[in-house]
$ cat upload28.csv   # CSV, C-alpha atoms
chain,number,residue,atom,x,y,z
A,17,MET,CA,-103.7,23.5,-4.7
A,18,THR,CA,-100.9,21.3,-3.5
A,19,ARG,CA,-103.3,18.4,-3.4
A,20,PHE,CA,-104.0,18.5,-7.2
A,21,GLY,CA,-100.7,19.8,-8.4
A,22,PRO,CA,-99.2,16.3,-9.2
A,23,THR,CA,-102.4,15.2,-11.0
A,24,VAL,CA,-102.6,18.3,-13.2
A,25,LEU,CA,-98.9,17.9,-14.0
A,26,ARG,CA,-99.5,14.3,-15.2
A,27,VAL,CA,-102.4,15.5,-17.3
A,28,CYS,CA,-100.3,18.4,-18.8
A,29,ARG,CA,-97.5,16.0,-19.6
A,30,ALA,CA,-99.8,13.6,-21.3
A,31,LEU,CA,-101.3,16.3,-23.4
A,32,LEU,CA,-98.2,18.3,-24.3
A,33,GLY,CA,-95.2,16.2,-23.5
A,34,PRO,CA,-92.7,16.7,-20.7
A,35,ALA,CA,-90.9,19.6,-22.3
A,36,THR,CA,-93.7,22.1,-22.5
A,37,ALA,CA,-96.0,20.7,-19.8
A,38,ASP,CA,-94.5,23.1,-17.2
A,39,ASP,CA,-95.9,26.2,-19.0
A,40,ALA,CA,-99.4,24.7,-19.1
A,41,TRP,CA,-99.3,23.7,-15.5
A,42,SER,CA,-98.3,27.2,-14.4
A,43,GLU,CA,-100.9,28.8,-16.6
A,44,THR,CA,-103.5,26.5,-15.2
A,45,PHE,CA,-102.8,27.2,-11.6
A,46,LEU,CA,-102.4,30.9,-12.2
A,47,SER,CA,-105.8,31.2,-13.8
A,48,ALA,CA,-107.2,28.9,-11.1
A,49,MET,CA,-105.9,31.3,-8.5
A,50,ARG,CA,-107.5,34.2,-10.4
A,51,ALA,CA,-110.9,32.5,-10.7
A,52,TYR,CA,-110.9,30.5,-7.4
A,53,PRO,CA,-112.9,33.1,-5.4
A,54,ASP,CA,-115.8,32.7,-7.9
A,55,LEU,CA,-115.9,29.0,-7.8
A,56,PRO,CA,-119.2,27.9,-6.2
A,57,ASP,CA,-118.9,25.9,-2.9
A,58,GLY,CA,-119.0,22.2,-3.4
A,59,SER,CA,-117.6,22.3,-6.9
A,60,ASN,CA,-115.4,19.4,-8.0
A,61,VAL,CA,-112.1,21.2,-7.9
A,62,GLU,CA,-110.2,18.5,-9.7
A,63,ALA,CA,-112.5,18.4,-12.7
A,64,TRP,CA,-112.4,22.2,-12.8
A,65,LEU,CA,-108.6,22.2,-12.8
A,66,VAL,CA,-108.5,19.6,-15.5
A,67,THR,CA,-110.9,21.7,-17.5
A,68,ILE,CA,-108.6,24.7,-17.3
A,69,ALA,CA,-105.6,22.5,-18.1
A,70,HIS,CA,-107.5,21.2,-21.2
A,71,ARG,CA,-108.1,24.8,-22.4
A,72,LYS,CA,-104.5,25.9,-21.7
A,73,ALA,CA,-103.1,22.8,-23.6
A,74,ILE,CA,-105.3,23.6,-26.6
A,75,ASP,CA,-104.1,27.2,-26.6
A,76,GLN,CA,-100.5,26.1,-26.3
A,77,LEU,CA,-100.9,23.5,-29.1
A,78,ARG,CA,-102.5,26.2,-31.4
A,79,ALA,CA,-99.7,28.6,-30.6
A,80,GLU,CA,-97.1,25.9,-31.4
A,81,SER,CA,-98.8,24.9,-34.7
A,82,ARG,CA,-98.8,28.6,-35.7
A,83,ARG,CA,-95.1,28.6,-35.2
A,84,ALA,CA,-94.5,25.3,-36.9
A,85,ILE,CA,-94.7,24.6,-40.6
A,86,PRO,CA,-98.1,23.0,-41.2
A,87,THR,CA,-98.0,19.4,-42.3
A,88,GLU,CA,-100.8,17.2,-43.5
A,89,HIS,CA,-99.7,14.2,-41.5
A,90,LEU,CA,-98.4,13.7,-38.0
A,91,PRO,CA,-95.0,12.1,-37.8
A,92,GLU,CA,-95.4,8.4,-37.8
A,93,ARG,CA,-92.3,7.4,-36.0
A,94,PRO,CA,-92.0,8.4,-32.4
A,95,SER,CA,-89.1,10.7,-31.8
A,96,ARG,CA,-86.7,10.0,-28.9
A,97,ASP,CA,-86.7,13.2,-26.9
A,98,GLY,CA,-85.0,13.6,-23.5
A,99,VAL,CA,-86.8,12.4,-20.5
A,100,PRO,CA,-86.9,15.2,-18.0
A,101,GLY,CA,-88.7,14.7,-14.7
A,102,GLY,CA,-88.6,10.9,-14.9
A,103,TRP,CA,-91.4,10.9,-17.4
A,104,GLU,CA,-91.1,8.0,-19.9
A,105,GLY,CA,-90.0,9.6,-23.1
A,106,ASP,CA,-91.4,6.7,-25.2
A,107,LEU,CA,-94.8,6.9,-23.6
A,108,TRP,CA,-95.1,10.5,-24.5
A,109,ALA,CA,-94.0,9.7,-28.0
A,110,ALA,CA,-96.8,7.1,-28.2
A,111,LEU,CA,-99.4,9.6,-26.7
A,112,LYS,CA,-98.3,12.3,-29.1
A,113,VAL,CA,-99.4,10.4,-32.2
A,114,LEU,CA,-102.9,9.6,-30.8
A,115,PRO,CA,-105.8,11.6,-32.2
A,116,ASP,CA,-106.5,14.5,-29.8
A,117,LYS,CA,-109.7,13.1,-28.4
A,118,GLN,CA,-108.1,9.8,-27.6
A,119,ARG,CA,-105.2,11.4,-25.9
A,120,GLN,CA,-107.4,13.8,-23.9
A,121,THR,CA,-109.8,11.1,-22.8
A,122,VAL,CA,-107.0,8.8,-21.8
A,123,ALA,CA,-105.4,11.6,-19.8
A,124,TYR,CA,-108.6,12.7,-18.0
A,125,HIS,CA,-109.9,9.3,-17.2
A,126,TYR,CA,-106.8,7.2,-16.6
A,127,LEU,CA,-104.4,9.8,-15.3
A,128,ALA,CA,-106.7,12.3,-13.6
A,129,GLY,CA,-109.2,9.6,-12.6
A,130,LEU,CA,-112.2,11.5,-13.7
A,131,PRO,CA,-115.4,9.6,-14.5
A,132,TYR,CA,-116.5,9.5,-18.1
A,133,ALA,CA,-119.4,11.9,-17.4
A,134,ASP,CA,-116.8,14.6,-16.3
A,135,VAL,CA,-114.5,13.7,-19.2
A,136,ALA,CA,-117.4,14.1,-21.7
A,137,GLN,CA,-118.2,17.6,-20.2
A,138,ILE,CA,-114.6,18.6,-20.9
A,139,VAL,CA,-114.0,17.2,-24.4
A,140,GLY,CA,-117.6,17.4,-25.6
A,141,GLY,CA,-119.8,14.5,-26.8
A,142,THR,CA,-121.4,11.8,-24.7
A,143,PRO,CA,-119.9,9.8,-21.9
A,144,GLU,CA,-120.2,6.7,-24.0
A,145,ALA,CA,-118.2,8.4,-26.8
A,146,ALA,CA,-115.6,9.5,-24.3
A,147,ARG,CA,-115.3,5.9,-23.0
A,148,ARG,CA,-114.9,4.6,-26.5
A,149,ALA,CA,-112.2,7.1,-27.4
A,150,ALA,CA,-110.3,6.3,-24.2
A,151,ALA,CA,-110.5,2.6,-24.9
A,152,ASP,CA,-109.3,3.1,-28.5
A,153,GLY,CA,-106.5,5.3,-27.1
A,154,ILE,CA,-105.4,2.6,-24.6
A,155,ALA,CA,-105.5,-0.1,-27.3
A,156,ALA,CA,-103.4,2.1,-29.6
A,157,LEU,CA,-100.9,2.9,-26.8
A,158,ARG,CA,-100.7,-0.8,-26.0
A,159,ARG,CA,-99.8,-1.5,-29.6
A,160,THR,CA,-97.3,1.3,-30.1
A,161,TYR,CA,-95.8,1.7,-26.6
A,162,LEU,CA,-95.8,-1.7,-24.8
A,163,GLU,CA,-95.0,-3.8,-27.9
A,164,GLY,CA,-92.4,-1.3,-29.0
A,165,ALA,CA,-90.9,-1.4,-25.5
A,166,SER,CA,-90.6,-5.2,-25.4
A,167,ARG,CA,-87.8,-5.5,-27.8
B,21,MET,CA,-118.4,-2.8,-13.4
B,22,THR,CA,-115.3,-4.0,-15.1
B,23,GLU,CA,-113.7,-1.6,-17.4
B,24,PRO,CA,-112.1,-3.2,-20.4
B,25,GLY,CA,-108.6,-1.9,-20.8
B,26,THR,CA,-108.1,-1.0,-17.1
B,27,THR,CA,-105.4,-3.6,-16.7
B,28,ASP,CA,-103.8,-2.4,-19.9
B,29,ALA,CA,-103.9,1.2,-18.6
B,30,ALA,CA,-102.4,0.3,-15.3
B,31,GLU,CA,-99.6,-1.5,-17.1
B,32,LEU,CA,-99.1,1.5,-19.4
B,33,PHE,CA,-98.8,4.1,-16.8
B,34,ALA,CA,-97.1,2.0,-14.1
B,35,ALA,CA,-93.8,3.6,-14.9
B,36,LEU,CA,-95.1,7.1,-14.2
B,37,PRO,CA,-94.4,8.7,-10.9
B,38,GLU,CA,-97.5,9.6,-8.9
B,39,VAL,CA,-95.7,12.7,-7.6
B,40,ASP,CA,-92.6,14.2,-9.2
B,41,GLU,CA,-91.2,16.0,-6.2
B,42,ASP,CA,-88.5,17.9,-8.1
B,43,ALA,CA,-90.9,19.1,-10.7
B,44,GLN,CA,-93.5,20.1,-8.1
B,45,ARG,CA,-90.9,22.2,-6.2
B,46,ARG,CA,-89.8,23.9,-9.4
B,47,LEU,CA,-93.4,24.6,-10.5
B,48,HIS,CA,-94.4,25.8,-7.1
B,49,ALA,CA,-91.6,28.3,-6.9
B,50,ARG,CA,-92.6,29.5,-10.4
B,51,LEU,CA,-96.2,29.8,-9.5
B,52,VAL,CA,-95.4,31.8,-6.4
B,53,ALA,CA,-93.3,34.2,-8.4
B,54,ALA,CA,-96.0,34.6,-11.1
B,55,ALA,CA,-98.8,35.0,-8.6
B,56,ASP,CA,-96.8,37.6,-6.8
B,57,ARG,CA,-96.1,39.5,-10.0
B,58,ALA,CA,-99.8,39.3,-10.9
B,59,GLY,CA,-100.7,40.6,-7.4
B,60,ILE,CA,-103.0,37.6,-6.7
B,61,LEU,CA,-101.0,36.0,-3.9
B,62,ASP,CA,-103.1,37.1,-1.0
B,63,VAL,CA,-101.8,35.0,1.8
B,64,ALA,CA,-98.2,33.6,2.0
B,65,TYR,CA,-97.4,31.0,4.6
B,66,ARG,CA,-94.5,29.0,5.9
B,67,THR,CA,-93.6,26.9,9.0
B,68,VAL,CA,-90.7,27.4,11.3
B,69,ASP,CA,-89.4,24.8,13.7
B,70,THR,CA,-88.9,26.2,17.3
B,71,PRO,CA,-88.4,24.8,20.8
B,72,LEU,CA,-92.2,25.3,21.2
B,73,GLY,CA,-92.9,23.1,18.2
B,74,THR,CA,-93.6,23.9,14.6
B,75,LEU,CA,-95.2,27.3,14.2
B,76,LEU,CA,-97.3,28.3,11.2
B,77,LEU,CA,-96.8,31.9,10.0
B,78,ALA,CA,-99.1,33.5,7.5
B,79,ALA,CA,-98.9,37.0,6.1
B,80,THR,CA,-101.0,39.3,3.8
B,81,ASP,CA,-99.7,42.4,2.0
B,82,GLU,CA,-100.4,44.3,5.2
B,83,GLY,CA,-98.3,42.2,7.5
B,84,LEU,CA,-98.3,39.1,9.6
B,85,VAL,CA,-101.9,37.9,10.0
B,86,ARG,CA,-101.6,34.6,11.8
B,87,VAL,CA,-99.2,32.6,14.0
B,88,ALA,CA,-100.4,29.2,14.9
B,89,TYR,CA,-99.1,26.5,17.2
B,90,ASP,CA,-99.2,22.8,16.3
B,91,ARG,CA,-102.0,22.1,18.6
B,92,GLU,CA,-104.3,24.4,16.7
B,93,SER,CA,-103.9,22.1,13.6
B,94,HIS,CA,-102.1,23.9,10.8
B,95,GLU,CA,-104.4,22.3,8.3
B,96,ARG,CA,-107.5,23.8,10.0
B,97,VAL,CA,-105.8,27.2,10.4
B,98,LEU,CA,-105.0,27.3,6.6
B,99,ALA,CA,-108.6,26.4,5.9
B,100,GLN,CA,-109.8,29.2,8.1
B,101,LEU,CA,-107.5,31.7,6.4
B,102,ALA,CA,-108.8,30.5,3.0
B,103,ASP,CA,-112.3,31.1,4.3
B,104,ARG,CA,-111.8,34.4,6.2
B,105,VAL,CA,-109.0,36.1,4.3
B,106,SER,CA,-108.7,34.6,0.8
B,107,PRO,CA,-108.3,31.2,-0.8
B,108,ARG,CA,-105.3,32.5,-2.7
B,109,ILE,CA,-102.8,31.0,-0.3
B,110,LEU,CA,-99.4,29.7,-1.2
B,111,LEU,CA,-96.5,28.3,0.6
B,112,ALA,CA,-94.0,31.2,0.1
B,113,PRO,CA,-91.3,31.0,2.7
B,114,ALA,CA,-89.3,33.9,1.3
B,115,ARG,CA,-92.1,36.4,2.1
B,116,LEU,CA,-91.9,35.4,5.7
B,117,GLU,CA,-88.2,35.3,6.1
B,118,GLU,CA,-88.0,38.4,8.3
B,119,ALA,CA,-90.8,37.2,10.6
B,120,ALA,CA,-89.3,33.7,11.0
B,121,THR,CA,-85.9,35.2,11.9
B,122,GLN,CA,-87.3,37.6,14.5
B,123,ILE,CA,-89.3,34.8,16.1
B,124,GLU,CA,-86.3,32.6,16.2
B,125,GLU,CA,-84.2,35.4,17.8
B,126,TYR,CA,-86.9,36.1,20.3
B,127,LEU,CA,-87.2,32.4,21.3
B,128,ALA,CA,-83.4,32.2,21.6
B,129,GLY,CA,-83.5,35.2,24.1
B,130,ARG,CA,-81.8,37.5,21.7
B,131,ARG,CA,-84.7,39.8,20.9
B,132,THR,CA,-87.1,41.6,23.3
B,133,ARG,CA,-89.4,43.3,20.9
B,134,PHE,CA,-90.7,42.6,17.4
B,135,ASP,CA,-90.4,45.0,14.6
B,136,LEU,CA,-92.9,43.6,12.1
B,137,PRO,CA,-96.1,45.0,10.4
B,138,LEU,CA,-99.2,43.2,11.8
B,139,ASP,CA,-102.5,42.6,10.1
B,140,PHE,CA,-105.3,42.4,12.7
B,141,ARG,CA,-108.1,41.6,10.4
B,142,LEU,CA,-108.8,38.2,12.0
B,143,SER,CA,-109.8,40.0,15.3
B,144,HIS,CA,-112.8,42.2,15.8
B,145,GLY,CA,-114.5,44.4,18.3
B,146,PHE,CA,-113.7,44.0,22.0
B,147,ARG,CA,-111.2,41.2,21.3
B,148,ARG,CA,-109.2,43.4,19.0
B,149,ALA,CA,-109.3,46.2,21.6
B,150,VAL,CA,-107.9,43.8,24.2
B,151,LEU,CA,-105.1,42.7,21.8
B,152,SER,CA,-104.1,46.3,21.1
B,153,HIS,CA,-103.6,46.8,24.9
B,154,LEU,CA,-101.6,43.6,25.2
B,155,THR,CA,-98.8,45.1,23.1
B,156,GLU,CA,-98.3,47.7,25.9
B,157,ILE,CA,-97.2,45.0,28.3
B,158,GLY,CA,-93.4,45.0,28.0
B,159,TYR,CA,-91.0,42.2,27.7
B,160,GLY,CA,-90.4,40.3,31.0
B,161,ARG,CA,-93.5,41.9,32.6
B,162,THR,CA,-96.9,40.5,33.2
B,163,ALA,CA,-100.5,41.7,33.9
B,164,SER,CA,-103.5,40.0,35.3
B,165,TYR,CA,-106.6,39.3,33.3
B,166,ALA,CA,-108.4,41.7,35.6
B,167,ALA,CA,-105.9,44.5,35.1
B,168,VAL,CA,-106.2,44.2,31.3
B,169,ALA,CA,-110.0,44.3,31.7
B,170,ALA,CA,-109.6,47.5,33.7
B,171,VAL,CA,-107.4,49.2,31.0
B,172,THR,CA,-109.9,48.4,28.3
B,173,GLY,CA,-112.5,50.3,30.3
B,174,HIS,CA,-114.6,47.2,31.1
B,175,PRO,CA,-113.3,46.1,34.5
B,176,ARG,CA,-115.9,43.3,34.7
B,177,ALA,CA,-115.0,41.8,31.4
B,178,VAL,CA,-112.3,39.5,32.9
B,179,ARG,CA,-113.7,36.4,31.2
B,180,ALA,CA,-113.9,38.2,27.8
B,181,VAL,CA,-110.2,39.2,28.2
B,182,GLY,CA,-109.5,35.5,28.7
B,183,THR,CA,-111.4,34.7,25.5
B,184,ALA,CA,-109.6,37.4,23.6
B,185,CYS,CA,-106.3,35.9,24.7
B,186,ALA,CA,-107.4,32.4,23.8
B,187,THR,CA,-108.4,33.5,20.3
B,188,ASN,CA,-105.4,35.7,19.7
B,189,PRO,CA,-104.5,35.2,16.0
B,190,LEU,CA,-101.0,36.5,16.6
B,191,PRO,CA,-99.5,34.8,19.7
B,192,LEU,CA,-95.9,35.7,20.6
B,193,LEU,CA,-96.2,38.9,18.5
B,194,VAL,CA,-99.2,40.1,20.6
B,195,PRO,CA,-98.0,38.9,24.0
B,196,CYS,CA,-101.0,37.2,25.4
B,197,HIS,CA,-98.6,34.9,27.3
B,198,ARG,CA,-97.9,37.9,29.6
B,199,VAL,CA,-101.4,37.9,30.9
B,200,ILE,CA,-101.7,35.7,33.9
B,201,ARG,CA,-104.2,35.0,36.7
B,202,SER,CA,-104.6,37.3,39.6
B,203,ASP,CA,-103.2,34.6,42.0
B,204,GLY,CA,-100.0,34.7,40.1
B,205,SER,CA,-100.4,31.3,38.3
B,206,ALA,CA,-99.9,31.3,34.5
B,207,GLY,CA,-103.3,30.2,33.4
B,208,ALA,CA,-104.3,28.9,30.0
B,209,TYR,CA,-102.6,29.6,26.7
B,210,VAL,CA,-103.4,29.2,23.1
B,211,GLY,CA,-100.1,27.3,22.7
B,212,GLY,CA,-100.7,25.2,25.8
B,213,PRO,CA,-99.8,25.9,29.4
B,214,GLU,CA,-96.3,24.5,29.1
B,215,ALA,CA,-95.5,26.9,26.2
B,216,LYS,CA,-96.8,29.8,28.3
B,217,LEU,CA,-94.5,28.8,31.3
B,218,ALA,CA,-91.6,28.4,28.9
B,219,LEU,CA,-92.1,31.9,27.5
B,220,LEU,CA,-92.5,33.5,31.0
B,221,ARG,CA,-89.3,31.7,32.1
B,222,LEU,CA,-87.5,32.8,28.9
B,223,GLU,CA,-88.5,36.5,29.5
B,224,SER,CA,-87.7,36.6,33.2
B,225,ALA,CA,-84.3,35.0,32.6
B,226,ALA,CA,-83.3,37.4,29.8
B,227,ALA,CA,-85.0,40.6,31.1
$ encode --input "upload28.csv" --output "structure tokens"
Amino acid sequence: MTRFGPTVLRVCRALLGPATADDAWSETFLSAMRAYPDLPDGSNVEAWLVTIAHRKAIDQLRAESRRAIPTEHLPERPSRDGVPGGWEGDLWAALKVLPDKQRQTVAYHYLAGLPYADVAQIVGGTPEAARRAAADGIAALRRTYLEGASR
Amino acid sequence: MTEPGTTDAAELFAALPEVDEDAQRRLHARLVAAADRAGILDVAYRTVDTPLGTLLLAATDEGLVRVAYDRESHERVLAQLADRVSPRILLAPARLEEAATQIEEYLAGRRTRFDLPLDFRLSHGFRRAVLSHLTEIGYGRTASYAAVAAVTGHPRAVRAVGTACATNPLPLLVPCHRVIRSDGSAGAYVGGPEAKLALLRLESAAA
């Protein structure tokens, strides 16, 4: 558990932002502890944890959207929230405006280091589609985050 | 295979810490509390630094289940606990505060008996029977392997008594260090012969 804690935290932060990532992380490990005895030997624990984190993040986003006033469009301009835990606030702002699938595939492939076959299992679709979504996500991040940063 | 965008990605995430220590500590404490509330923290563990090296302590709901010396490899002991007790193991020092304190007091010569619930589930059959007899050997006293074999009702099982001591999951608490060879020499010990001598010296000095 200690081994994968940091990776899962990076994933949760990428999916939800630094402010609410803690809840998803805790939920992920708590359900992992509940389910762990049933995990077959030789399973890929990291992919399994990322899968749980994926579901928890979706639950959390749904709960948040129920609380929030529904809007047709996501905010265009990245907001400047605080930067707890050393996480780059601007990077999260850039991640937040990505389409869900791009943000997820970027997180699972680039931050958790899962191969696209595993990423596709988690988000649905083919590995090739996952690869394309992640590449699009990275390209978009590069535009919004890196160019925005080099002022 | 070159991955288009890999360099971009490295650049993008370069500023992120691999491990955020503060956050991990905070989250770990929160997880321990939540798991405890949910009743799914089966094994709590911690380490304690002593003159005999770093000891690993692990406890279940029933009591202290394992004490391990450095030389047993704590990593391997934790893996064993995951396998034989439950994989729901977390570093939870608060749960082992009392055990750590009593062990520290004992090793400082300020305590002659332990008052802690023990969980013997890692020991079975004859070995367990041997361990239950070891607790009858008082502080500062010793018994030979042969004498212990005799009390268990199997006077010829001297070697098996040695094995029971060597595989004692709760050294210190179950005083296998008080079992010595018939010729008076200390013999082997799960924590190493030097640790055994140190314990015997400690007890004979304080007793």
$ interface_residues --input "upload28.csv" --of "chain B" --to "chain A" --cutoff "10 Å" --atoms "all atoms listed in the file" --output "MDAnalysis selection string"
chainID B and resid 23:26 28:33 35:44 46:48 50:52 54:55 58:62 102:103 106:111
$ atom_distance --input "upload28.csv" --atom1 "atom CA of B:Tyr159" --atom2 "atom CA of B:Pro213"
18.6 Å
$ atom_distance --input "upload28.csv" --atom1 "atom CA of B:Arg66" --atom2 "atom CA of B:Ala88"
10.8 Å
$ atom_distance --input "upload28.csv" --atom1 "atom CA of B:Ser164" --atom2 "atom CA of B:Ile200"
4.9 Å
$ residues_around --input "upload28.csv" --residues "stretch 114-117 of chain A" --least-positions-apart "2" --cutoff "10 Å" --atoms "all atoms listed in the file" --output "MDAnalysis selection string"
chainID A and resid 31 74 90 109:112 119:123 139:140 145:146 149:150 152:154 156:157
$ residues_around --input "upload28.csv" --residues "A:Pro143" --least-positions-apart "6" --cutoff "9 Å" --atoms "only C-alpha atoms" --output "ChimeraX atom specification"
/A:131-137
$ residues_around --input "upload28.csv" --residues "stretch 188-197 of chain B" --least-positions-apart "3" --cutoff "8 Å" --atoms "all atoms listed in the file" --output "list in words"
Leu84, Val85, Arg86, Val87, Ala88, Phe134, Phe140, Leu142, Ser143, Leu151, Ser152, Leu154, Thr155, Ile157, Ala184, Cys185, Ile200, Tyr209, Val210, Lys216, Leu219 and Leu220 of chain B
